[in-house]
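A short write-up of the structure that comes next.
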Amino acid sequence: MTFDLTPAAQRAFAAAAIWSSQGDGDGVAPPELLLGLLSEAESRAAGMLAAHGITAELVKSRWPGLRPLEPPLPGRDGRFSAEVKTSLFAAAHRLGHFPQPLVFATEHILLGLVAAEHDSSDWLVQHGFSAADLEMEIQRLYGYEKGERSRKQEKGERRKEKGESGEDSVKALNWELSPSSLLSPSSLFRILDAAANRGREGLRVVEDYVRFALDDRHLTRELKQLRHALTLALARVPAGAMLAARDTQADVGCELTTAAERTRPNLAGVVAANFKRLEESLRSLEEFGKVLDPEFGIELERLRYRGYTLERAVESTRAGIERLAGVRLYVLLDGRPSSGEFETLAVALVATGVGAIQLRDKCLPDRELLMRARRLRELTQGTKTLFIMNDRPDLAAIAGADGVHIGQDELSVHDARAIVGASMLIGVSAHSLEQARAAVLDGASYIGVGPTFASGTKRFDPAQLTGLELLRAVAAEIRLPAFAIGGIDGRNLRDVLSTGFTRIAASGAVTAAADPAAAAREILRQLGG
């Protein structure tokens, strides 16, 4: 889909195109567009921004990565990032009652930047902008009251596609009902409008929980991306047609409710209900959209499956935080030279209050390893110490462990879950931020992040050591319980804690100490446990 721009808006995009906030120079992004609008000093958008105290210097301080492109890339002013496209669609949706096709002026572009849902929108709202107020101001400027329809709209004329293709294009749907359809066009658009509203509302509720209750940057970003994808998909539906078909006063379902809808038992109940609302609305959009265009249904199906993945990730994060709330020190224990020595050490660790013990032994035969696992289960049963089995979901299931830990080269979370069932904890080793993010979406219960330092119990190539930087990166955006691992002891524990991590996994620092129980108590003291 192409966008018609006034000369001032064209100049603003040209000015924005010489900047890059993303380093790759692909497509004008919202921060760059703000600079472009401010450069058009006589424009309405520049005046509105100035009235809210927003200057080019303030924009650059908020996005310090903004750099001029040298040399400028030809034609970049005509390429838009996904966030800018979403913003333009948001403005077009809000101004669907204006004469069409809408020619974007600078004030329309600013409305879209405020109304869309991305970091720049949040920043503008923090500086006093309101999409509703800005929309009313634009209506006043144009002497146009909401609810009016142009003659072209009344006749149902649609904007013609200009044949542009590629990533910046959005295919316009053929919104014509077949003669055999039992639905009137207004009925169909009414259904799509209601389902779209439910989906956006449900997604916003879930995002608020993840953003403010879990404080999870990674999942918040994933949910925002889903909202952007839904906005782009819905932009293929004529916004004016949906608004015209809306009739809340005559909606027979507005006053129908159940007792379950009036109450929520807790925050988890709120999230579960709104994920279901999202998924049901996407299914409705998918099914009714197929009446008009099969590709629209296919796109909504993809979004619905993304919703399912995020529902599992959010619930796994919530459940992991709850079940591992008191676990700060996680000790890796091998089978020891004898069963008696193993039992003595395990008893001491449990009595000390270690939060979790992982049985990890690559040398013992399966039969002996299972004997150790069953004994560790007996020793931890009824205590505050969790028993985790390393690498072996089969033995974890047989021994009745609390969880199993898997590495990047072992079974997937999906396959491990098929063996151990729904209730068992599944931990995943993560050696990079990308692996940590993937573990969250895969439904892991916790992650082990490292190796941070060289270890006395497991040899690593120096290039494999991830150091403190990975810990900082994970702590900054992931709230799934995460344990720093690899060579951590009393000498470097303070450095680990400075990254934002509050949980560690240790082996030799405890099990090789002269007094393992005393070593564990000292680490727990430093961890605040």
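Naming works like this for the structure tokens: A, B, ... for the chains as they're shown, residue 1 at the start of each chain, ligands 1 onward in shown order.
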
Taking 5 positions as the minimum chain separation for residues in the same chain, which residues sit within 7 Å of range 381-386 of chain A when counting only C-alpha atoms? Answer as a PyMOL selection string. chain A and resi 350+353-357+402

Please, which residues of range 467-526 of chain A, numbered as in this document, come out strand (DSSP E or B) from DSSP, as a PyMOL selection string? chain A and resi 482-485+504-506

Could you pull out all residues of range 210-454 of chain A with a DSSP call of alpha helix (DSSP H) and give them as a VMD selection string? chain A and resid 217 to 234 239 to 245 259 to 262 267 to 290 294 to 323 339 to 352 366 to 380 393 to 399 413 to 420 433 to 442

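Minimum atom-to-atom distance to Leu102 in chain A, evaluated using only C-alpha atoms, belongs to A:Thr6 out of A:Leu34, A:Leu188, A:Thr6, A:Glu42.
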
Within 7 Å of range 490-510 of chain A, which residues of range 273-337 of chain A come that close, and what is the closest atom pair and distance in Å for each? Count only C-alpha atoms and give it as CSV.
residue,atom,partner,partner_atom,distance
A:Arg328,CA,A:Arg503,CA,4.4
A:Leu329,CA,A:Ile504,CA,5.5
A:Tyr330,CA,A:Ala505,CA,4.5
A:Val331,CA,A:Ala506,CA,5.0
A:Leu332,CA,A:Ser507,CA,4.9
A:Leu333,CA,A:Ser507,CA,6.6

Using Å and a single decimal, report how far CA of Val28 in chain A sits from CA of Ala45 in chain A.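 Spanning CA of Ala45 in chain A to CA of Val28 in chain A is a straight-line distance of 17.2 Å.
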
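Here CA of Arg417 in chain A is placed at a distance of 15.0 Å from CA of Thr309 in chain A.
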
Between CA of Leu471 in chain A and CA of Phe453 in chain A - distance in Å to one decimal: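 These two atoms are separated by 11.5 Å.
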
With only C-alpha atoms as the counted atoms, please give the residues lying no more than 9 Å from Val440 in chain A, apart from itself and same-chain residues fewer than 6 positions off, as a ChimeraX atom specification. /A:218-219,313-314,316-317,446-447,478,480
